[in-house]
file final_15.txt (compact mmCIF, C-alpha atoms)
# COMPACT_ATOMS: atom_id res chain seq x y z
CA MET U 440 86.23 93.46 97.02
CA SER U 441 88.17 92.20 100.05
CA GLN U 442 91.61 90.76 99.36
CA THR U 443 90.42 87.49 100.83
CA LEU U 444 87.38 87.25 98.53
CA VAL U 445 88.17 85.80 95.11
CA LYS U 446 85.97 85.13 92.09
CA THR U 447 86.64 81.87 90.22
CA THR U 448 84.85 79.87 87.55
CA SER U 449 83.48 77.68 90.36
CA GLY U 450 82.17 80.59 92.41
CA LEU U 451 83.23 83.09 95.06
CA ILE U 452 85.86 81.93 97.57
CA GLU U 453 86.61 83.56 100.91
CA GLY U 454 90.08 82.94 102.35
CA PHE U 455 91.86 84.33 105.39
CA GLU U 456 95.11 85.97 106.40
CA LYS U 457 97.86 83.80 107.86
CA GLU U 458 101.27 85.10 108.90
CA GLY U 459 101.22 87.87 106.32
CA ILE U 460 99.99 85.58 103.55
CA LEU U 461 96.51 84.99 102.13
CA ALA U 462 95.40 81.40 102.63
CA PHE U 463 92.63 79.47 100.88
CA ASN U 464 92.01 75.92 102.10
CA ALA U 465 90.17 72.85 100.79
CA ILE U 466 88.90 74.38 97.54
CA PRO U 467 87.04 71.69 95.54
CA TYR U 468 88.42 71.49 92.01
CA CYS U 469 85.82 68.92 90.89
CA GLN U 470 82.81 67.01 92.13
CA PRO U 471 83.46 64.75 95.16
CA PRO U 472 84.43 61.22 94.03
CA THR U 473 81.77 59.69 96.24
CA GLY U 474 78.57 57.73 95.68
CA GLU U 475 78.12 57.00 91.98
CA ARG U 476 81.31 58.96 91.21
CA ARG U 477 83.54 56.54 93.14
CA PHE U 478 85.99 54.91 90.69
CA GLN U 479 84.96 57.43 88.02
CA LYS U 480 87.10 60.11 86.37
CA ALA U 481 87.00 63.45 88.15
CA ASP U 482 84.02 65.56 87.07
CA PRO U 483 85.25 69.18 86.75
CA ARG U 484 81.73 70.63 86.64
CA MET U 485 81.92 72.00 90.16
CA THR U 486 80.14 75.24 91.05
CA TRP U 487 78.42 76.68 94.09
CA GLU U 488 76.07 79.50 95.02
CA GLY U 489 77.11 82.13 97.49
CA VAL U 490 80.59 82.21 99.01
CA PHE U 491 82.74 79.14 99.68
CA GLU U 492 84.47 79.55 103.05
CA ALA U 493 87.98 78.25 102.28
CA ARG U 494 89.16 77.95 105.85
CA GLY U 495 89.51 74.16 106.00
CA PRO U 496 91.10 72.01 106.98
CA GLY U 497 90.18 69.62 104.20
CA PHE U 498 90.30 65.85 104.16
CA ILE U 499 93.04 63.57 102.89
CA CYS U 500 92.26 60.37 101.02
CA PRO U 501 91.56 57.35 103.29
CA GLN U 502 94.83 55.57 104.07
CA GLY U 503 96.77 53.44 106.50
CA LYS U 504 99.98 54.26 108.34
CA SER U 505 103.12 54.94 106.33
CA THR U 506 106.12 52.66 106.84
CA LEU U 507 108.26 55.82 106.96
CA THR U 508 106.58 57.11 110.13
CA PRO U 509 109.54 56.42 112.47
CA ALA U 510 111.81 58.51 110.24
CA ILE U 511 109.49 61.31 109.13
CA GLY U 512 107.02 61.45 112.00
CA SER U 513 103.24 61.13 112.11
CA TYR U 514 100.32 63.31 111.07
CA ASP U 515 96.75 63.55 112.25
CA VAL U 516 94.45 64.78 109.48
CA ALA U 517 90.89 63.60 108.91
CA HIS U 518 90.36 61.02 106.16
CA ASN U 519 87.45 61.06 103.73
CA GLU U 520 86.91 60.16 100.09
CA ASN U 521 85.65 63.70 99.56
CA CYS U 522 89.27 64.80 99.25
CA LEU U 523 89.69 66.31 95.77
CA THR U 524 90.62 69.77 96.92
CA LEU U 525 93.51 72.20 96.78
CA ASP U 526 95.08 74.76 99.12
CA ILE U 527 96.51 78.08 97.93
CA ARG U 528 98.99 80.43 99.59
CA THR U 529 99.56 83.83 97.98
CA PRO U 530 101.14 87.12 99.09
CA SER U 531 98.43 89.05 97.24
CA VAL U 532 95.55 88.46 94.84
CA THR U 533 96.84 91.24 92.58
CA GLY U 534 99.65 91.08 90.03
CA LYS U 535 101.05 88.03 88.26
CA LYS U 536 103.43 86.09 90.45
CA PRO U 537 105.18 82.82 89.57
CA VAL U 538 103.21 79.76 90.62
CA ALA U 539 104.37 76.46 92.08
CA VAL U 540 102.15 73.37 92.42
CA TRP U 541 103.11 70.76 95.02
CA ILE U 542 102.43 67.05 94.32
CA HIS U 543 103.06 65.06 97.48
CA GLY U 544 104.69 61.67 97.79
CA GLY U 545 103.76 58.61 99.85
CA ALA U 546 104.11 55.52 97.61
CA ASN U 547 100.76 56.44 95.99
CA CYS U 548 99.05 55.28 99.19
CA PHE U 549 99.88 57.79 101.92
CA GLY U 550 100.02 61.50 102.63
CA GLY U 551 98.13 64.51 101.36
CA GLY U 552 98.84 67.91 99.89
CA ASN U 553 97.24 69.64 102.86
CA LEU U 554 99.31 67.99 105.59
CA PRO U 555 100.69 70.55 108.08
CA CYS U 556 104.25 69.56 107.10
CA TYR U 557 103.56 70.81 103.54
CA ASP U 558 101.95 74.12 104.52
CA ALA U 559 103.47 76.54 102.01
CA THR U 560 102.92 79.74 103.97
CA THR U 561 106.58 80.49 104.75
CA LEU U 562 107.79 79.41 101.30
CA ALA U 563 105.24 81.61 99.51
CA LYS U 564 106.11 84.54 101.74
CA ALA U 565 109.87 84.11 101.33
CA GLY U 566 109.64 83.95 97.56
CA ASP U 567 106.74 86.30 96.83
CA ILE U 568 105.22 83.42 94.88
CA VAL U 569 101.87 81.61 94.75
CA ILE U 570 101.88 77.99 95.88
CA VAL U 571 99.13 75.44 95.36
CA ASN U 572 99.00 72.08 97.16
CA ILE U 573 96.74 69.49 95.56
CA ASN U 574 95.03 66.37 96.89
CA PHE U 575 94.17 63.37 94.75
CA ARG U 576 92.98 59.81 95.22
CA LEU U 577 95.41 57.26 96.60
CA GLY U 578 95.83 53.49 96.75
CA ALA U 579 92.94 51.48 95.37
CA PHE U 580 90.76 54.61 95.24
CA GLY U 581 93.08 56.13 92.65
CA PHE U 582 94.85 53.21 90.96
CA LEU U 583 92.67 50.07 91.13
CA HIS U 584 92.72 48.37 87.74
CA HIS U 585 90.02 45.89 86.72
CA PRO U 586 87.46 46.02 83.88
CA ALA U 587 84.59 45.61 86.34
CA ILE U 588 85.68 48.67 88.30
CA SER U 589 88.05 51.01 86.44
CA THR U 590 90.86 50.85 83.89
CA VAL U 591 91.74 54.56 84.17
CA ASN U 592 94.65 56.04 86.11
CA LEU U 593 92.19 57.98 88.26
CA ALA U 594 94.81 59.67 90.45
CA ILE U 595 96.63 61.00 87.38
CA LYS U 596 93.31 62.24 85.96
CA ASP U 597 92.65 63.96 89.30
CA GLN U 598 95.99 65.75 89.05
CA ILE U 599 95.27 66.88 85.48
CA THR U 600 91.83 68.14 86.51
CA ALA U 601 93.44 70.12 89.33
CA LEU U 602 96.07 71.58 87.00
CA ARG U 603 93.38 72.69 84.56
CA TRP U 604 91.48 74.41 87.38
CA ILE U 605 94.70 76.12 88.45
CA LYS U 606 95.53 77.22 84.91
CA THR U 607 92.05 78.75 84.54
CA ASN U 608 91.75 80.36 87.95
CA ILE U 609 95.17 81.11 89.41
CA GLU U 610 95.30 84.66 88.03
CA ALA U 611 92.44 85.52 90.41
CA PHE U 612 94.80 84.62 93.26
CA GLY U 613 97.65 86.79 91.97
CA GLY U 614 99.37 84.03 90.01
CA ASP U 615 100.70 83.92 86.46
CA PRO U 616 99.09 81.04 84.50
CA ASP U 617 102.03 81.12 82.10
CA GLU U 618 104.66 80.65 84.83
CA ILE U 619 103.75 77.39 86.57
CA THR U 620 106.31 75.04 88.11
CA LEU U 621 105.42 71.55 89.29
CA PHE U 622 107.42 70.30 92.25
CA GLY U 623 107.01 66.96 93.93
CA GLN U 624 108.82 64.30 95.91
CA SER U 625 109.05 60.50 95.64
CA ALA U 626 105.78 59.20 94.14
CA GLY U 627 104.83 62.85 93.61
CA ALA U 628 107.93 63.34 91.46
CA ASN U 629 107.06 60.14 89.60
CA ALA U 630 103.59 61.59 88.97
CA ILE U 631 105.17 64.72 87.50
CA ILE U 632 107.28 62.59 85.17
CA HIS U 633 104.12 60.78 84.09
CA LEU U 634 102.36 64.11 83.51
CA VAL U 635 105.25 65.35 81.38
CA GLY U 636 104.78 62.37 79.06
CA LEU U 637 101.07 62.93 78.45
CA LYS U 638 100.06 65.07 75.46
CA GLU U 639 96.96 66.33 77.30
CA THR U 640 99.09 68.25 79.82
CA GLN U 641 100.71 70.55 77.27
CA GLY U 642 100.53 74.14 78.44
CA LEU U 643 99.57 73.28 82.02
CA PHE U 644 103.09 73.80 83.44
CA HIS U 645 106.41 75.21 82.31
CA ARG U 646 109.18 73.75 84.50
CA VAL U 647 109.54 70.90 86.98
CA ILE U 648 111.41 70.03 90.19
CA LEU U 649 111.82 66.30 90.78
CA GLN U 650 112.77 65.45 94.36
CA SER U 651 113.82 61.82 94.89
CA PRO U 652 111.78 60.32 92.05
CA SER U 653 111.67 56.53 92.41
CA ILE U 654 111.84 56.03 88.65
CA GLY U 655 113.14 52.49 89.19
CA ARG U 656 109.72 51.49 90.45
CA GLY U 657 108.30 52.38 87.04
CA ASN U 658 104.68 51.83 86.07
CA PHE U 659 102.61 48.68 85.86
CA LYS U 660 101.69 46.81 82.74
CA ALA U 661 97.95 46.28 82.53
CA SER U 662 98.43 42.56 83.08
CA GLU U 663 100.31 43.20 86.34
CA ALA U 664 97.78 45.69 87.67
CA LEU U 665 95.00 43.27 86.75
CA GLU U 666 96.51 40.61 89.02
CA ILE U 667 96.42 43.08 91.90
CA GLY U 668 92.86 44.02 90.98
CA LYS U 669 91.86 40.35 91.09
CA ALA U 670 93.51 39.99 94.50
CA MET U 671 91.43 42.93 95.74
CA ILE U 672 88.28 41.26 94.40
CA GLN U 673 89.17 38.08 96.26
CA ALA U 674 89.86 40.04 99.44
CA LEU U 675 86.40 41.62 99.24
CA GLY U 676 84.76 38.23 98.75
CA VAL U 677 83.43 38.49 95.20
CA GLU U 678 85.93 36.34 93.33
CA GLY U 679 84.27 34.50 90.43
CA LYS U 680 81.18 36.71 90.49
CA VAL U 681 79.76 38.48 87.44
CA LYS U 682 80.97 41.94 86.55
CA GLU U 683 77.87 43.67 87.93
CA THR U 684 78.20 41.96 91.32
CA ILE U 685 81.88 42.82 91.56
CA ARG U 686 81.22 46.46 90.75
CA GLN U 687 78.35 46.68 93.21
CA ARG U 688 80.56 45.28 95.98
CA PHE U 689 83.25 47.87 95.34
CA MET U 690 80.76 50.70 95.01
CA THR U 691 79.09 49.92 98.34
CA ALA U 692 82.13 48.88 100.36
CA THR U 693 83.15 51.26 103.11
CA SER U 694 86.48 53.01 102.75
CA GLN U 695 87.73 50.95 105.71
CA GLU U 696 86.79 47.74 103.91
CA ILE U 697 88.77 48.85 100.87
CA LEU U 698 91.74 49.76 103.07
CA GLY U 699 91.42 46.36 104.73
CA ALA U 700 91.54 44.64 101.35
CA MET U 701 94.62 46.68 100.40
CA LYS U 702 96.32 45.44 103.54
CA ALA U 703 95.18 41.85 103.06
CA ILE U 704 96.66 41.46 99.57
CA ARG U 705 100.16 42.49 100.61
CA GLU U 706 101.10 39.01 101.80
CA THR U 707 100.63 37.47 98.35
CA CYS U 708 101.27 40.48 96.08
CA VAL U 709 104.33 42.18 97.60
CA PRO U 710 106.70 39.23 96.97
CA LYS U 711 105.85 39.38 93.26
CA PHE U 712 105.31 43.10 92.63
CA GLY U 713 107.24 44.87 95.40
CA ASN U 714 105.95 47.23 98.07
CA MET U 715 104.30 49.72 95.70
CA LEU U 716 101.14 47.84 94.73
CA PHE U 717 99.25 50.84 93.38
CA LYS U 718 100.76 52.96 90.61
CA PRO U 719 99.92 54.16 87.09
CA VAL U 720 99.28 51.62 84.37
CA LYS U 721 101.04 52.28 81.07
CA ASP U 722 102.17 49.29 79.00
CA GLU U 723 104.43 51.37 76.77
CA TRP U 724 106.15 53.02 79.77
CA ASP U 725 106.75 49.89 81.83
CA THR U 726 110.53 50.21 82.35
CA PRO U 727 112.71 53.04 83.66
CA GLN U 728 114.37 53.37 80.26
CA ARG U 729 111.07 53.82 78.45
CA ILE U 730 109.91 56.33 81.04
CA ILE U 731 113.13 58.28 80.58
CA GLU U 732 112.81 58.23 76.78
CA VAL U 733 109.29 59.68 76.70
CA THR U 734 110.13 62.22 79.42
CA VAL U 735 113.12 63.50 77.44
CA THR U 736 111.14 63.66 74.20
CA GLU U 737 108.34 65.70 75.75
CA ALA U 738 110.65 67.90 77.85
CA LYS U 739 112.56 68.85 74.72
CA ALA U 740 109.38 69.47 72.70
CA ARG U 741 107.99 71.72 75.46
CA ASN U 742 111.28 73.44 76.27
CA LEU U 743 110.89 72.45 79.91
CA HIS U 744 113.61 73.26 82.41
CA VAL U 745 114.23 70.51 84.94
CA MET U 746 115.73 70.34 88.43
CA ILE U 747 116.27 66.83 89.78
CA GLY U 748 117.90 65.44 92.89
CA THR U 749 118.12 62.66 95.45
CA THR U 750 119.30 62.24 99.02
CA HIS U 751 122.55 60.47 99.88
CA ASP U 752 120.85 57.65 101.79
CA GLU U 753 117.36 57.34 100.34
CA MET U 754 116.83 53.77 101.55
CA HIS U 755 117.79 54.46 105.17
CA GLY U 756 114.30 55.77 105.83
CA PHE U 757 112.87 52.40 104.86
CA THR U 758 115.37 50.12 106.62
CA LEU U 759 118.12 50.42 109.20
CA GLU U 760 120.03 47.65 107.47
CA ARG U 761 123.34 48.81 106.03
CA SER U 762 124.47 46.45 103.31
CA ASP U 763 125.50 46.16 99.69
CA LYS U 764 121.99 44.87 98.99
CA VAL U 765 120.37 48.03 100.35
CA ARG U 766 122.80 50.23 98.40
CA ALA U 767 122.00 48.23 95.24
CA ILE U 768 118.28 48.81 95.76
CA GLN U 769 118.89 52.54 96.10
CA GLU U 770 120.96 52.52 92.92
CA ALA U 771 118.23 50.68 91.01
CA ARG U 772 115.29 52.64 92.41
CA PHE U 773 116.66 56.17 92.81
CA ASP U 774 120.27 57.00 91.93
CA GLY U 775 120.76 55.14 88.67
CA PRO U 776 117.55 56.27 86.95
CA ALA U 777 117.96 59.86 88.19
CA ASN U 778 121.47 59.99 86.75
CA ALA U 779 120.26 58.42 83.51
CA LEU U 780 117.42 60.93 83.20
CA ALA U 781 119.71 63.91 83.87
CA LYS U 782 122.24 62.68 81.31
CA ALA U 783 119.57 61.98 78.69
CA LEU U 784 118.00 65.40 79.20
CA ASN U 785 121.37 67.11 78.80
CA ASP U 786 122.22 65.04 75.73
CA ALA U 787 118.92 66.16 74.17
CA GLY U 788 119.66 69.81 74.87
CA VAL U 789 117.21 70.18 77.75
CA ALA U 790 118.35 72.49 80.57
CA VAL U 791 118.77 70.34 83.68
CA TRP U 792 120.29 70.97 87.11
CA LYS U 793 121.10 68.08 89.44
CA TYR U 794 121.58 68.05 93.22
CA ARG U 795 122.11 65.66 96.11
CA PHE U 796 121.14 66.29 99.74
CA ASP U 797 123.89 64.95 102.04
CA TRP U 798 123.23 66.60 105.41
CA LYS U 799 122.25 64.30 108.26
CA ALA U 800 121.25 64.98 111.85
CA PRO U 801 123.95 64.02 114.38
CA LEU U 802 121.73 61.80 116.58
CA SER U 803 119.62 60.22 113.85
CA PRO U 804 120.03 56.58 112.74
CA TYR U 805 118.40 57.44 109.39
CA ASP U 806 121.29 59.45 107.88
CA SER U 807 120.40 61.50 104.77
CA CYS U 808 117.25 59.49 104.20
CA HIS U 809 114.26 59.75 101.91
CA CYS U 810 112.21 62.91 102.69
CA ILE U 811 114.91 64.63 104.75
CA GLU U 812 115.04 67.74 102.57
CA LEU U 813 111.31 68.44 102.96
CA PRO U 814 111.39 70.27 106.32
CA PHE U 815 113.99 72.67 104.91
CA VAL U 816 112.04 73.32 101.69
CA PHE U 817 108.78 74.10 103.50
CA GLY U 818 110.14 75.37 106.82
CA THR U 819 107.21 73.85 108.73
CA TRP U 820 109.12 72.89 111.85
CA GLY U 821 106.21 72.43 114.22
CA ALA U 822 104.93 69.60 112.01
CA TRP U 823 108.21 67.63 112.14
CA ASP U 824 108.69 67.46 115.91
CA ASP U 825 108.56 63.65 116.06
CA ALA U 826 110.63 63.00 112.92
CA GLY U 827 113.45 60.66 113.91
CA MET U 828 115.48 61.74 110.90
CA LEU U 829 116.01 65.18 112.54
CA ASN U 830 117.20 63.99 115.96
CA GLY U 831 120.00 66.24 117.23
CA MET U 832 119.57 68.93 114.60
CA THR U 833 120.93 72.27 115.78
CA GLU U 834 119.18 75.60 115.47
CA ASP U 835 122.05 76.81 113.27
CA ASP U 836 121.53 73.91 110.86
CA ARG U 837 117.78 74.49 110.77
CA ILE U 838 118.19 78.17 109.90
CA ARG U 839 121.07 77.67 107.47
CA LEU U 840 119.55 74.80 105.50
CA THR U 841 116.10 76.35 105.37
CA ASP U 842 117.61 79.50 103.89
CA VAL U 843 119.68 77.56 101.36
CA MET U 844 116.90 75.24 100.24
CA GLN U 845 114.17 77.86 100.07
CA THR U 846 116.43 80.28 98.22
CA THR U 847 117.30 77.58 95.68
CA TRP U 848 113.74 76.40 95.12
CA ILE U 849 112.45 79.95 94.89
CA ARG U 850 115.11 80.91 92.35
CA PHE U 851 114.07 78.06 90.08
CA ILE U 852 110.34 78.74 90.52
CA ARG U 853 110.83 82.42 89.74
CA GLU U 854 113.46 82.22 86.99
CA GLY U 855 113.78 78.61 85.85
CA ARG U 856 117.55 78.80 85.80
CA PHE U 857 120.67 79.54 87.84
CA ASP U 858 123.74 81.66 87.32
CA GLU U 859 126.55 79.55 85.88
CA ASN U 860 128.86 80.71 88.67
CA ASP U 861 126.34 79.51 91.24
CA TRP U 862 125.18 76.19 89.79
CA ARG U 863 126.26 74.90 86.39
CA LEU U 864 123.94 73.05 84.03
CA TYR U 865 124.37 69.32 84.54
CA GLN U 866 126.78 67.88 82.00
CA LYS U 867 129.02 65.71 84.18
CA GLU U 868 129.17 64.43 87.75
CA SER U 869 131.23 67.40 88.94
CA ASP U 870 128.27 69.68 88.05
CA LEU U 871 126.28 68.06 90.86
CA ARG U 872 125.30 70.50 93.62
CA VAL U 873 125.60 68.99 97.10
CA PHE U 874 123.64 70.33 100.06
CA LEU U 875 125.52 69.69 103.31

call {"tool": "encode", "arguments": {"input": "final_15.txt", "output": "structure tokens"}}
result
Amino acid sequence: MSQTLVKTTSGLIEGFEKEGILAFNAIPYCQPPTGERRFQKADPRMTWEGVFEARGPGFICPQGKSTLTPAIGSYDVAHNENCLTLDIRTPSVTGKKPVAVWIHGGANCFGGGNLPCYDATTLAKAGDIVIVNINFRLGAFGFLHHPAISTVNLAIKDQITALRWIKTNIEAFGGDPDEITLFGQSAGANAIIHLVGLKETQGLFHRVILQSPSIGRGNFKASEALEIGKAMIQALGVEGKVKETIRQRFMTATSQEILGAMKAIRETCVPKFGNMLFKPVKDEWDTPQRIIEVTVTEAKARNLHVMIGTTHDEMHGFTLERSDKVRAIQEARFDGPANALAKALNDAGVAVWKYRFDWKAPLSPYDSCHCIELPFVFGTWGAWDDAGMLNGMTEDDRIRLTDVMQTTWIRFIREGRFDENDWRLYQKESDLRVFL
């Protein structure tokens, strides 16, 4: 059998060679969430006859334009609700290599695992590891909450379905199903924290990297998410209608109509609920402290190892305002909860390493903003050409920081720990590792 032909529980998959790595794109891990399956839990019963040509590119979930575009740059990838797929990069389909699964950020409304900026080819090659990038539903498609439509955290269920497919099939791609690290940034890191707290994810991963989790944004209570659901119903013109009429409207609406409704409700909903209008619903995990408590409990029970970090100026990607108010928002959303989680994990005896990314490009107004570590982790420089946060970066900095970040991430993915002389377990602030 060719190295690029792999047998999975779904069927045969044909990949291709890319820069010395084997690449498999847009593999469906469940049935498409379209037609009658829109607003339904992912159906994992996905098989095909013959050979699936995994050359991609796949779709990302329908979405608008991110508010971070000036800082991080733009991307041009086709949108479609048929987006529940994953990409795999592996040095070889033989052996059992450590596995890392990337969960992208984007305020639960933007981005995609298969964006060019997240292509894991160079990272997989540098570390001799297998990397999987997953796509899942976003915005109202993945988080809409109303009894007429859905009361399930569909995006989280998508992620779990993907992880189960990976656990079952990754050995066919040269990966070790018992050595899986989840790594994610921003809302992706929040998703990982949520996954850690769910009993149904036991055994699906073994260590986690949390990059800039916005724990301070928390989850929604059902009552809060219901208000947003009602606003969506009003925006689509079926307010006051019976349940069946409401559901029919949402099932037949075009994706652009749903995106239009998401945009329309911001004027009335953002002042009350903040900018992140779509996120998981969990009444018992509705505050940062409760999220931290359940995360620590499960991390200890599972003997997870944790790496967590933030950037020095997270909020500068969202606003160019420099004020005590902006710094207070960063403390409440990012810094404070991350510190509290690291301390609580250490106090519970969980191995945790904490970092902060401080480097900033000399000509950039965004400083060490949200997302700035990502180009160095993935090394996908062609995809970051229009990122304002990198203005004035030198070739020496690009090479040096890429080497440092990839070496660090790979070490954790491969070994789940660091030498004490290199990076001490987090016990106090002086144990913080700073990337400059």

call {"tool": "closest_atom_pairs", "arguments": {"input": "final_15.txt", "of": "segment 593-627 of chain U", "to": "segment 810-823 of chain U", "cutoff": "12 Å", "atoms": "all atoms listed in the file", "output": "Markdown table"}}
result
| residue | atom | partner | partner_atom | distance |
| --- | --- | --- | --- | --- |
| U:Phe622 | CA | U:Val816 | CA | 10.9 |
| U:Gly623 | CA | U:Leu813 | CA | 10.1 |
| U:Gln624 | CA | U:Cys810 | CA | 7.7 |
| U:Ser625 | CA | U:Cys810 | CA | 8.1 |
| U:Ala626 | CA | U:Cys810 | CA | 11.3 |
| U:Gly627 | CA | U:Cys810 | CA | 11.7 |

call {"tool": "residues_around", "arguments": {"input": "final_15.txt", "residues": "Glu737 of chain U", "least_positions_apart": "2", "cutoff": "12 Å", "atoms": "only C-alpha atoms", "output": "PDB file with C-alpha atoms, in the coordinates of the input"}}
result
ATOM      1  CA  ILE U 632     107.280  62.590  85.170  1.00  0.00           C
ATOM      2  CA  HIS U 633     104.120  60.780  84.090  1.00  0.00           C
ATOM      3  CA  LEU U 634     102.360  64.110  83.510  1.00  0.00           C
ATOM      4  CA  VAL U 635     105.250  65.350  81.380  1.00  0.00           C
ATOM      5  CA  GLY U 636     104.780  62.370  79.060  1.00  0.00           C
ATOM      6  CA  LEU U 637     101.070  62.930  78.450  1.00  0.00           C
ATOM      7  CA  LYS U 638     100.060  65.070  75.460  1.00  0.00           C
ATOM      8  CA  GLU U 639      96.960  66.330  77.300  1.00  0.00           C
ATOM      9  CA  THR U 640      99.090  68.250  79.820  1.00  0.00           C
ATOM     10  CA  GLN U 641     100.710  70.550  77.270  1.00  0.00           C
ATOM     11  CA  GLY U 642     100.530  74.140  78.440  1.00  0.00           C
ATOM     12  CA  HIS U 645     106.410  75.210  82.310  1.00  0.00           C
ATOM     13  CA  ARG U 646     109.180  73.750  84.500  1.00  0.00           C
ATOM     14  CA  ILE U 730     109.910  56.330  81.040  1.00  0.00           C
ATOM     15  CA  ILE U 731     113.130  58.280  80.580  1.00  0.00           C
ATOM     16  CA  GLU U 732     112.810  58.230  76.780  1.00  0.00           C
ATOM     17  CA  VAL U 733     109.290  59.680  76.700  1.00  0.00           C
ATOM     18  CA  THR U 734     110.130  62.220  79.420  1.00  0.00           C
ATOM     19  CA  VAL U 735     113.120  63.500  77.440  1.00  0.00           C
ATOM     20  CA  LYS U 739     112.560  68.850  74.720  1.00  0.00           C
ATOM     21  CA  ALA U 740     109.380  69.470  72.700  1.00  0.00           C
ATOM     22  CA  ARG U 741     107.990  71.720  75.460  1.00  0.00           C
ATOM     23  CA  ASN U 742     111.280  73.440  76.270  1.00  0.00           C
ATOM     24  CA  LEU U 743     110.890  72.450  79.910  1.00  0.00           C
ATOM     25  CA  HIS U 744     113.610  73.260  82.410  1.00  0.00           C
ATOM     26  CA  VAL U 745     114.230  70.510  84.940  1.00  0.00           C
ATOM     27  CA  LEU U 784     118.000  65.400  79.200  1.00  0.00           C
ATOM     28  CA  ALA U 787     118.920  66.160  74.170  1.00  0.00           C
ATOM     29  CA  VAL U 789     117.210  70.180  77.750  1.00  0.00           C
TER      30      VAL U 789
END

call {"tool": "closest_atom_pairs", "arguments": {"input": "final_15.txt", "of": "segment 479-548 of chain U", "to": "segment 569-577 of chain U", "cutoff": "9 Å", "atoms": "only C-alpha atoms", "output": "Markdown table"}}
result
| residue | atom | partner | partner_atom | distance |
| --- | --- | --- | --- | --- |
| U:Phe498 | CA | U:Asn574 | CA | 8.7 |
| U:Ile499 | CA | U:Asn574 | CA | 6.9 |
| U:Cys500 | CA | U:Arg576 | CA | 5.9 |
| U:Pro501 | CA | U:Leu577 | CA | 7.7 |
| U:Gln502 | CA | U:Leu577 | CA | 7.7 |
| U:Glu520 | CA | U:Arg576 | CA | 7.8 |
| U:Cys522 | CA | U:Asn574 | CA | 6.4 |
| U:Leu523 | CA | U:Phe575 | CA | 5.5 |
| U:Thr524 | CA | U:Asn574 | CA | 5.6 |
| U:Leu525 | CA | U:Ile573 | CA | 4.4 |
| U:Asp526 | CA | U:Asn572 | CA | 5.1 |
| U:Ile527 | CA | U:Val571 | CA | 4.5 |
| U:Arg528 | CA | U:Ile570 | CA | 5.3 |
| U:Thr529 | CA | U:Val569 | CA | 4.5 |
| U:Pro530 | CA | U:Val569 | CA | 7.1 |
| U:Ser531 | CA | U:Val569 | CA | 8.6 |
| U:Lys536 | CA | U:Val569 | CA | 6.4 |
| U:Pro537 | CA | U:Val569 | CA | 6.3 |
| U:Val538 | CA | U:Val569 | CA | 4.7 |
| U:Ala539 | CA | U:Ile570 | CA | 4.8 |
| U:Val540 | CA | U:Val571 | CA | 4.7 |
| U:Trp541 | CA | U:Asn572 | CA | 4.8 |
| U:Ile542 | CA | U:Ile573 | CA | 6.3 |
| U:His543 | CA | U:Ile573 | CA | 8.0 |
| U:Ala546 | CA | U:Leu577 | CA | 8.9 |
| U:Asn547 | CA | U:Leu577 | CA | 5.4 |
| U:Cys548 | CA | U:Leu577 | CA | 4.9 |

call {"tool": "write_last_selection", "arguments": {"input": "final_15.txt", "atoms": "C-alpha atoms", "output": "CSV table (one decimal), in the frame of the given file"}}
result
chain,number,residue,atom,x,y,z
U,498,PHE,CA,90.3,65.8,104.2
U,499,ILE,CA,93.0,63.6,102.9
U,500,CYS,CA,92.3,60.4,101.0
U,501,PRO,CA,91.6,57.4,103.3
U,502,GLN,CA,94.8,55.6,104.1
U,520,GLU,CA,86.9,60.2,100.1
U,522,CYS,CA,89.3,64.8,99.2
U,523,LEU,CA,89.7,66.3,95.8
U,524,THR,CA,90.6,69.8,96.9
U,525,LEU,CA,93.5,72.2,96.8
U,526,ASP,CA,95.1,74.8,99.1
U,527,ILE,CA,96.5,78.1,97.9
U,528,ARG,CA,99.0,80.4,99.6
U,529,THR,CA,99.6,83.8,98.0
U,530,PRO,CA,101.1,87.1,99.1
U,531,SER,CA,98.4,89.0,97.2
U,536,LYS,CA,103.4,86.1,90.4
U,537,PRO,CA,105.2,82.8,89.6
U,538,VAL,CA,103.2,79.8,90.6
U,539,ALA,CA,104.4,76.5,92.1
U,540,VAL,CA,102.2,73.4,92.4
U,541,TRP,CA,103.1,70.8,95.0
U,542,ILE,CA,102.4,67.0,94.3
U,543,HIS,CA,103.1,65.1,97.5
U,546,ALA,CA,104.1,55.5,97.6
U,547,ASN,CA,100.8,56.4,96.0
U,548,CYS,CA,99.0,55.3,99.2

call {"tool": "atom_distance", "arguments": {"input": "final_15.txt", "atom1": "atom CA of Ala462 of chain U", "atom2": "atom CA of Glu610 of chain U"}}
result
15.0 Å

call {"tool": "atom_distance", "arguments": {"input": "final_15.txt", "atom1": "atom CA of Ala664 of chain U", "atom2": "atom CA of Thr590 of chain U"}}
result
9.4 Å

call {"tool": "closest_residue", "arguments": {"input": "final_15.txt", "among": "U:Gln673, U:Thr749, U:Gln687, U:Leu716", "to": "Ala628 of chain U", "atoms": "only C-alpha atoms"}}
result
U:Thr749

call {"tool": "residues_around", "arguments": {"input": "final_15.txt", "residues": "Pro801 of chain U", "least_positions_apart": "3", "cutoff": "12 Å", "atoms": "only C-alpha atoms", "output": "list in words"}}
result
Trp798, Pro804, Tyr805, Asp806, Ser807, Gly827, Met828, Leu829, Asn830, Gly831, Met832, Thr833 and Asp836 of chain U

call {"tool": "atom_distance", "arguments": {"input": "final_15.txt", "atom1": "atom CA of Arg603 of chain U", "atom2": "atom CA of Pro471 of chain U"}}
result
16.5 Å
